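Visitor: Provided below: final-v3.cif, containing mmCIF, C-alpha atoms and all ligand atoms.
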data_protein
loop_
_atom_site.group_PDB
_atom_site.id
_atom_site.type_symbol
_atom_site.label_atom_id
_atom_site.label_comp_id
_atom_site.auth_asym_id
_atom_site.auth_seq_id
_atom_site.Cartn_x
_atom_site.Cartn_y
_atom_site.Cartn_z
ATOM 1 C CA MET A 155 10.889 -5.932 59.197
ATOM 2 C CA PHE A 156 9.111 -9.057 60.369
ATOM 3 C CA PHE A 157 10.619 -12.138 62.027
ATOM 4 C CA GLN A 158 9.090 -15.259 63.528
ATOM 5 C CA ILE A 159 10.343 -18.719 64.419
ATOM 6 C CA ILE A 160 8.064 -21.341 62.873
ATOM 7 C CA GLU A 161 9.548 -24.113 65.027
ATOM 8 C CA THR A 162 12.753 -24.724 66.911
ATOM 9 C CA SER A 163 13.967 -27.774 68.839
ATOM 10 C CA SER A 164 16.067 -30.874 68.239
ATOM 11 C CA ALA A 165 13.091 -32.090 66.170
ATOM 12 C CA GLY A 166 13.143 -29.273 63.642
ATOM 13 C CA ASN A 167 14.191 -25.705 63.006
ATOM 14 C CA CYS A 168 12.826 -23.085 60.659
ATOM 15 C CA ALA A 169 12.298 -19.335 60.910
ATOM 16 C CA TYR A 170 10.695 -16.786 58.589
ATOM 17 C CA ALA A 171 11.854 -13.229 57.965
ATOM 18 C CA GLU A 172 10.627 -10.487 55.720
ATOM 19 C CA CYS A 173 12.011 -7.051 54.920
ATOM 20 C CA GLU A 174 10.867 -4.657 52.204
ATOM 21 C CA GLY A 175 9.264 -7.405 50.160
ATOM 22 C CA ILE A 176 12.182 -9.844 50.487
ATOM 23 C CA ARG A 177 11.139 -13.081 52.171
ATOM 24 C CA PHE A 178 13.461 -15.762 53.430
ATOM 25 C CA LEU A 179 13.795 -18.724 55.743
ATOM 26 C CA ILE A 180 16.594 -19.618 58.121
ATOM 27 C CA ASP A 181 16.891 -23.401 57.877
ATOM 28 C CA ALA A 182 14.115 -25.652 56.558
ATOM 29 C CA GLY A 183 14.285 -28.458 59.084
ATOM 30 C CA VAL A 184 10.579 -29.010 59.702
ATOM 31 C CA GLY A 185 8.006 -30.812 57.578
ATOM 32 C CA ILE A 186 7.016 -29.028 54.386
ATOM 33 C CA LYS A 187 3.364 -29.149 55.504
ATOM 34 C CA LYS A 188 4.235 -27.022 58.507
ATOM 35 C CA ILE A 189 6.087 -24.489 56.353
ATOM 36 C CA ARG A 190 3.249 -24.350 53.809
ATOM 37 C CA GLY A 191 0.688 -24.006 56.622
ATOM 38 C CA TYR A 192 2.621 -21.164 58.209
ATOM 39 C CA LEU A 193 3.060 -19.330 54.903
ATOM 40 C CA SER A 194 -0.584 -19.750 53.979
ATOM 41 C CA LYS A 195 -1.607 -18.065 57.263
ATOM 42 C CA ARG A 196 0.374 -15.076 55.996
ATOM 43 C CA GLY A 197 -1.251 -15.309 52.555
ATOM 44 C CA LEU A 198 1.939 -16.687 51.057
ATOM 45 C CA ASP A 199 3.139 -19.762 49.245
ATOM 46 C CA ILE A 200 6.481 -21.486 48.943
ATOM 47 C CA LEU A 201 6.933 -19.697 45.597
ATOM 48 C CA ASP A 202 7.060 -16.408 47.523
ATOM 49 C CA ILE A 203 10.249 -17.406 49.350
ATOM 50 C CA ASP A 204 13.335 -15.738 47.871
ATOM 51 C CA ALA A 205 15.990 -17.637 49.828
ATOM 52 C CA VAL A 206 16.749 -20.248 52.449
ATOM 53 C CA PHE A 207 19.876 -19.784 54.558
ATOM 54 C CA VAL A 208 21.083 -23.167 55.793
ATOM 55 C CA THR A 209 23.221 -23.530 58.917
ATOM 56 C CA HIS A 210 24.395 -27.166 58.692
ATOM 57 C CA GLU A 211 23.629 -30.674 57.486
ATOM 58 C CA HIS A 212 21.659 -32.116 60.406
ATOM 59 C CA ILE A 213 18.193 -33.291 59.385
ATOM 60 C CA ASP A 214 16.493 -30.940 61.857
ATOM 61 C CA HIS A 215 17.840 -28.094 59.708
ATOM 62 C CA TYR A 216 17.278 -29.282 56.123
ATOM 63 C CA ARG A 217 14.351 -31.777 56.234
ATOM 64 C CA ALA A 218 12.074 -29.823 53.854
ATOM 65 C CA LEU A 219 14.761 -28.384 51.608
ATOM 66 C CA LYS A 220 14.128 -30.738 48.661
ATOM 67 C CA ASN A 221 10.611 -29.303 48.359
ATOM 68 C CA PHE A 222 12.086 -26.035 47.108
ATOM 69 C CA LYS A 223 12.817 -27.689 43.761
ATOM 70 C CA GLY A 224 11.288 -25.553 41.021
ATOM 71 C CA SER A 225 10.683 -22.643 43.422
ATOM 72 C CA ASN A 226 12.276 -19.213 43.210
ATOM 73 C CA ALA A 227 14.328 -19.776 46.349
ATOM 74 C CA LYS A 228 18.074 -19.551 46.270
ATOM 75 C CA ILE A 229 19.589 -21.947 48.782
ATOM 76 C CA PHE A 230 22.543 -20.404 50.613
ATOM 77 C CA ALA A 231 25.147 -22.572 52.344
ATOM 78 C CA ASN A 232 28.888 -22.980 52.458
ATOM 79 C CA ARG A 233 30.393 -25.629 50.175
ATOM 80 C CA LEU A 234 30.866 -28.419 52.714
ATOM 81 C CA THR A 235 27.338 -28.020 54.057
ATOM 82 C CA ALA A 236 25.824 -27.979 50.549
ATOM 83 C CA GLU A 237 27.822 -31.040 49.500
ATOM 84 C CA SER A 238 26.897 -32.913 52.672
ATOM 85 C CA ILE A 239 23.173 -32.216 52.265
ATOM 86 C CA GLN A 240 23.279 -33.248 48.604
ATOM 87 C CA TYR A 241 25.012 -36.470 49.636
ATOM 88 C CA LEU A 242 22.498 -37.168 52.412
ATOM 89 C CA ASP A 243 19.464 -36.257 50.273
ATOM 90 C CA SER A 244 20.129 -36.502 46.525
ATOM 91 C CA ALA A 245 16.767 -34.828 45.809
ATOM 92 C CA THR A 246 18.393 -31.543 46.881
ATOM 93 C CA LYS A 247 21.016 -31.660 44.111
ATOM 94 C CA CYS A 248 18.841 -29.773 41.634
ATOM 95 C CA LEU A 249 18.144 -26.833 43.961
ATOM 96 C CA ASP A 250 19.434 -23.365 43.119
ATOM 97 C CA TRP A 251 22.408 -23.512 45.475
ATOM 98 C CA ARG A 252 24.410 -20.369 46.200
ATOM 99 C CA ILE A 253 27.718 -21.117 47.840
ATOM 100 C CA PHE A 254 29.502 -18.720 50.191
ATOM 101 C CA SER A 255 32.690 -18.967 52.190
ATOM 102 C CA THR A 256 32.215 -19.103 55.943
ATOM 103 C CA GLY A 257 33.075 -15.733 57.427
ATOM 104 C CA GLU A 258 32.427 -13.669 54.322
ATOM 105 C CA ALA A 259 29.693 -11.036 54.146
ATOM 106 C CA PHE A 260 27.564 -10.678 51.035
ATOM 107 C CA ASP A 261 24.524 -8.824 49.798
ATOM 108 C CA PHE A 262 21.238 -10.558 49.095
ATOM 109 C CA MET A 263 18.643 -8.252 47.504
ATOM 110 C CA GLY A 264 19.723 -5.375 49.753
ATOM 111 C CA ILE A 265 20.135 -7.442 52.922
ATOM 112 C CA LYS A 266 23.663 -7.733 54.291
ATOM 113 C CA VAL A 267 24.286 -11.339 55.259
ATOM 114 C CA SER A 268 27.287 -12.576 57.246
ATOM 115 C CA SER A 269 28.026 -16.125 58.299
ATOM 116 C CA PHE A 270 30.333 -17.149 61.097
ATOM 117 C CA PRO A 271 31.750 -20.505 62.230
ATOM 118 C CA ILE A 272 30.270 -22.278 65.214
ATOM 119 C CA PRO A 273 31.702 -25.343 66.986
ATOM 120 C CA HIS A 274 29.332 -28.209 66.174
ATOM 121 C CA ASP A 275 29.813 -31.781 65.002
ATOM 122 C CA THR A 276 29.202 -31.217 61.297
ATOM 123 C CA SER A 277 31.513 -30.317 58.433
ATOM 124 C CA ASP A 278 31.272 -26.512 58.581
ATOM 125 C CA ALA A 279 28.345 -25.312 60.716
ATOM 126 C CA VAL A 280 27.558 -21.604 60.727
ATOM 127 C CA GLY A 281 25.507 -18.993 62.486
ATOM 128 C CA TYR A 282 24.143 -15.965 60.635
ATOM 129 C CA ARG A 283 23.984 -12.236 61.071
ATOM 130 C CA PHE A 284 21.455 -10.353 58.923
ATOM 131 C CA ASP A 285 21.432 -6.565 58.736
ATOM 132 C CA LEU A 286 17.985 -5.639 57.502
ATOM 133 C CA GLY A 287 15.588 -2.766 57.927
ATOM 134 C CA GLY A 288 17.937 -1.008 60.354
ATOM 135 C CA LYS A 289 18.031 -4.021 62.692
ATOM 136 C CA THR A 290 20.575 -6.758 63.234
ATOM 137 C CA LEU A 291 19.263 -10.299 63.546
ATOM 138 C CA VAL A 292 21.713 -12.940 64.802
ATOM 139 C CA TRP A 293 20.986 -16.683 64.703
ATOM 140 C CA VAL A 294 23.104 -18.971 66.903
ATOM 141 C CA THR A 295 21.976 -22.549 67.526
ATOM 142 C CA ASP A 296 23.721 -25.932 67.559
ATOM 143 C CA ILE A 297 26.808 -24.580 69.258
ATOM 144 C CA GLY A 298 28.915 -26.702 71.581
ATOM 145 C CA LYS A 299 30.607 -23.804 73.312
ATOM 146 C CA LEU A 300 30.546 -20.033 73.175
ATOM 147 C CA THR A 301 33.592 -18.646 71.442
ATOM 148 C CA LEU A 302 34.801 -15.082 71.878
ATOM 149 C CA SER A 303 33.837 -14.268 68.293
ATOM 150 C CA VAL A 304 30.298 -15.589 68.765
ATOM 151 C CA ARG A 305 29.926 -13.562 71.963
ATOM 152 C CA ASP A 306 31.120 -10.505 70.062
ATOM 153 C CA ILE A 307 28.723 -11.055 67.131
ATOM 154 C CA ALA A 308 25.808 -11.689 69.497
ATOM 155 C CA SER A 309 26.583 -8.460 71.350
ATOM 156 C CA HIS A 310 25.643 -6.486 68.208
ATOM 157 C CA ALA A 311 22.211 -8.093 67.814
ATOM 158 C CA GLN A 312 18.914 -6.338 68.308
ATOM 159 C CA ILE A 313 17.161 -9.653 67.745
ATOM 160 C CA LEU A 314 19.109 -12.651 69.001
ATOM 161 C CA VAL A 315 18.109 -16.284 68.538
ATOM 162 C CA LEU A 316 20.244 -18.282 70.950
ATOM 163 C CA GLU A 317 20.320 -21.993 71.684
ATOM 164 C CA SER A 318 19.470 -23.052 75.238
ATOM 165 C CA ASN A 319 19.412 -26.768 74.595
ATOM 166 C CA TYR A 320 19.716 -28.708 77.803
ATOM 167 C CA CYS A 321 19.814 -28.832 81.574
ATOM 168 C CA PRO A 322 22.908 -30.897 82.551
ATOM 169 C CA ARG A 323 21.059 -32.622 85.404
ATOM 170 C CA MET A 324 18.105 -33.601 83.210
ATOM 171 C CA LEU A 325 20.506 -34.809 80.521
ATOM 172 C CA ASP A 326 22.455 -36.944 83.034
ATOM 173 C CA ASN A 327 19.221 -38.428 84.390
ATOM 174 C CA SER A 328 17.752 -39.158 80.961
ATOM 175 C CA ASN A 329 17.693 -42.591 79.332
ATOM 176 C CA ARG A 330 19.912 -41.438 76.508
ATOM 177 C CA PRO A 331 23.003 -43.540 75.731
ATOM 178 C CA TYR A 332 26.206 -42.409 77.419
ATOM 179 C CA SER A 333 27.826 -41.624 74.038
ATOM 180 C CA LEU A 334 24.948 -39.301 73.098
ATOM 181 C CA LYS A 335 25.111 -37.531 76.472
ATOM 182 C CA MET A 336 28.830 -36.946 75.909
ATOM 183 C CA ARG A 337 28.175 -35.702 72.375
ATOM 184 C CA ILE A 338 25.554 -33.189 73.510
ATOM 185 C CA LYS A 339 27.739 -31.899 76.367
ATOM 186 C CA GLY A 340 30.895 -31.826 74.258
ATOM 187 C CA SER A 341 32.574 -28.758 72.831
ATOM 188 C CA HIS A 342 30.978 -29.523 69.425
ATOM 189 C CA GLY A 343 27.535 -30.477 70.717
ATOM 190 C CA HIS A 344 24.855 -28.201 72.100
ATOM 191 C CA LEU A 345 24.614 -25.255 74.481
ATOM 192 C CA SER A 346 23.452 -25.660 78.077
ATOM 193 C CA ASN A 347 20.995 -23.314 79.763
ATOM 194 C CA SER A 348 23.680 -21.844 82.004
ATOM 195 C CA ASP A 349 25.976 -21.095 79.050
ATOM 196 C CA ALA A 350 23.110 -19.405 77.197
ATOM 197 C CA ILE A 351 22.291 -17.311 80.265
ATOM 198 C CA SER A 352 25.942 -16.358 80.698
ATOM 199 C CA LEU A 353 25.851 -14.839 77.220
ATOM 200 C CA ILE A 354 22.601 -12.977 77.906
ATOM 201 C CA GLU A 355 24.060 -11.567 81.140
ATOM 202 C CA GLY A 356 26.854 -10.004 79.110
ATOM 203 C CA LEU A 357 24.540 -8.237 76.638
ATOM 204 C CA ASP A 358 23.929 -4.509 76.717
ATOM 205 C CA SER A 359 20.184 -4.379 77.413
ATOM 206 C CA THR A 360 19.934 -0.939 75.810
ATOM 207 C CA LEU A 361 20.963 -2.466 72.454
ATOM 208 C CA VAL A 362 18.944 -5.696 72.440
ATOM 209 C CA ASP A 363 15.260 -5.630 71.588
ATOM 210 C CA LYS A 364 14.584 -9.326 72.057
ATOM 211 C CA VAL A 365 16.291 -12.627 72.792
ATOM 212 C CA TYR A 366 14.619 -15.853 71.718
ATOM 213 C CA LEU A 367 15.864 -18.942 73.581
ATOM 214 C CA ALA A 368 15.698 -21.734 71.026
ATOM 215 C CA HIS A 369 16.542 -25.341 70.093
ATOM 216 C CA ILE A 370 15.265 -26.512 73.478
ATOM 217 C CA SER A 371 15.528 -30.252 74.067
ATOM 218 C CA ARG A 372 12.159 -31.929 74.579
ATOM 219 C CA GLU A 373 13.569 -34.602 76.909
ATOM 220 C CA CYS A 374 16.436 -32.869 78.681
ATOM 221 C CA ASN A 375 15.063 -29.408 79.332
ATOM 222 C CA SER A 376 11.869 -27.606 80.175
ATOM 223 C CA VAL A 377 10.496 -24.106 79.845
ATOM 224 C CA SER A 378 9.716 -23.983 83.568
ATOM 225 C CA HIS A 379 13.287 -24.917 84.437
ATOM 226 C CA ILE A 380 14.709 -22.171 82.206
ATOM 227 C CA ASN A 381 12.238 -19.726 83.739
ATOM 228 C CA GLU A 382 13.494 -20.676 87.192
ATOM 229 C CA LEU A 383 17.077 -20.013 86.160
ATOM 230 C CA LEU A 384 16.112 -16.688 84.604
ATOM 231 C CA SER A 385 14.169 -15.590 87.684
ATOM 232 C CA GLY A 386 17.319 -16.136 89.741
ATOM 233 C CA ILE A 387 19.138 -13.467 87.782
ATOM 234 C CA ALA A 388 16.154 -11.326 86.790
ATOM 235 C CA SER A 389 17.397 -8.271 88.635
ATOM 236 C CA SER A 390 20.559 -8.114 86.544
ATOM 237 C CA ILE A 391 18.869 -8.728 83.175
ATOM 238 C CA ARG A 392 16.567 -6.169 81.631
ATOM 239 C CA THR A 393 16.597 -7.786 78.191
ATOM 240 C CA LYS A 394 13.258 -9.062 76.877
ATOM 241 C CA ILE A 395 13.578 -12.840 76.696
ATOM 242 C CA GLU A 396 11.182 -15.306 75.114
ATOM 243 C CA ILE A 397 11.623 -19.032 75.636
ATOM 244 C CA VAL A 398 10.343 -20.805 72.510
ATOM 245 C CA PRO A 399 8.860 -24.182 73.522
ATOM 246 C CA PRO A 400 9.626 -27.136 71.218
ATOM 247 C CA LEU A 401 7.193 -27.559 68.295
ATOM 248 C CA GLN A 402 5.652 -24.108 68.815
ATOM 249 C CA GLU A 403 5.859 -20.831 66.956
ATOM 250 C CA SER A 404 7.520 -17.911 68.656
ATOM 251 C CA SER A 405 5.739 -14.617 68.935
ATOM 252 C CA PRO A 406 6.510 -12.377 65.963
ATOM 253 C CA PHE A 407 8.986 -9.533 66.024
ATOM 254 C CA ASP A 408 7.413 -6.848 63.891
ATOM 255 C CA PHE A 409 8.185 -3.165 63.475
HETATM 256 ZN ZN ZN B 1 19.781 -28.835 65.429
HETATM 257 ZN ZN ZN B 2 22.993 -29.808 64.615
#
Would you mind writing the file's structure down as structure tokens?
Guide:
Amino acid sequence: MFFQIIETSSAGNCAYAECEGIRFLIDAGVGIKKIRGYLSKRGLDILDIDAVFVTHEHIDHYRALKNFKGSNAKIFANRLTAESIQYLDSATKCLDWRIFSTGEAFDFMGIKVSSFPIPHDTSDAVGYRFDLGGKTLVWVTDIGKLTLSVRDIASHAQILVLESNYCPRMLDNSNRPYSLKMRIKGSHGHLSNSDAISLIEGLDSTLVDKVYLAHISRECNSVSHINELLSGIASSIRTKIEIVPPLQESSPFDF
């Protein structure tokens, strides 16, 4: 199994995973050039992608989706998310959409896929759990607050991608409009650093191989600030944590 985040921040989100010859993306919210460039480094092309799993209809999660027209990729989303993206970008209407119900588990070419609801200000945003190659990969970004069910799902992950979007002080001091600050901090906005760390503190470090901290705000957060927070609790956390800076690839998870 191979997993790598191509990019993650409020500007764009896309990750690549591969297991036993099956290749898929989680979200396609970066420019198509970036996706093509990444795939070509791996000797691949967009035609080699079997599926894209879409979390919700914000542009930083579906920007490049229309470019999968005529490809082999099946585009997985729940109905409200698919309809919203097709409304926002009519060029996506002709894609090979595969609709699931939020909360149901299904098989995709031998990979068990489960979606789960997350509180975010879109029609029906989801996170994903993938059981592949003997590992469990859980993707949770764009989440306004941590629900008990999300904490439970995350606790089963060997590879966890978790939003750590903003520092409340940096957000308050930013030039962003008051309404946007309230939206980000709200129960259907984004996850603060301290909330993300509270989840990590509750993980069983013997079960988790790696946590990627993702969807980091470029203006209202910084890698050094998250590192400071993590160093304050380092003695109680033995989990391997990687902070993925905005616009950069993560390191790969490969075994
Ligand atoms: Zn987002
Ligand atoms: Zn979003």
Visitor: Residues within 12 Å of ligand ZN 1 (chain B) should be enumerated using all atoms listed in the file and returned as a ChimeraX atom specification.
Guide: /A:161-168,181-184,208-217,274-276,279-281,294-298,316-319,338,342-345,368-371,400
Visitor: Using only C-alpha atoms for the distances, tell me which of A:Ile159, A:Ile229, A:Met263, A:Leu357 is nearest to Ile397 in chain A.
Guide: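 The answer is A:Ile159, which sits nearest to Ile397 in chain A.
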Visitor: Kindly provide the residues of range 198-273 of chain A that approach range 186-194 of chain A to within 7 Å, each paired with its closest atom pair and their distance in Å to one decimal, based on all atoms listed in the file, listed by chain and increasing number, as JSON lines.
Guide:
{"residue": "A:Leu198", "atom": "CA", "partner": "A:Leu193", "partner_atom": "CA", "distance": 4.8}
{"residue": "A:Asp199", "atom": "CA", "partner": "A:Leu193", "partner_atom": "CA", "distance": 5.7}
{"residue": "A:Ile200", "atom": "CA", "partner": "A:Arg190", "partner_atom": "CA", "distance": 6.5}
{"residue": "A:Ala218", "atom": "CA", "partner": "A:Ile186", "partner_atom": "CA", "distance": 5.1}
Visitor: Give me, please, the distance in Å between CA of Val206 in chain A and CA of Phe222 in chain A, quoted to one decimal.
Guide: 9.2 Å
Visitor: Using the chain letters and residue numbers of this document, give as a list in words the residues selected by the PyMOL selection byres (((chain A and resi 255) around 12) and not hetatm).
Guide: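 Matching residues under the PyMOL selection byres (((chain A and resi 255) around 12) and not hetatm) are Phe230, Ala231, Asn232, Arg233, Leu234, Thr235, Ala236, Arg252, Ile253, Phe254, Thr256, Gly257, Glu258, Ala259, Phe260, Val267, Ser268, Ser269, Phe270, Pro271, Asp278, Ala279 and Val280 of chain A.
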Visitor: Considering all atoms listed in the file, state which residue in the set A:Leu353, A:Ala171, A:Leu219, A:Leu383 is at the smallest distance from Phe284 in chain A.
Guide: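 Once distances to Phe284 in chain A are computed over all atoms listed in the file, the minimum belongs to A:Ala171.
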Visitor: Which residue is closest to Gly356 in chain A? Choose from A:Lys335, A:Arg305, A:Arg372, A:Lys266 and count only C-alpha atoms.
Guide: A:Arg305
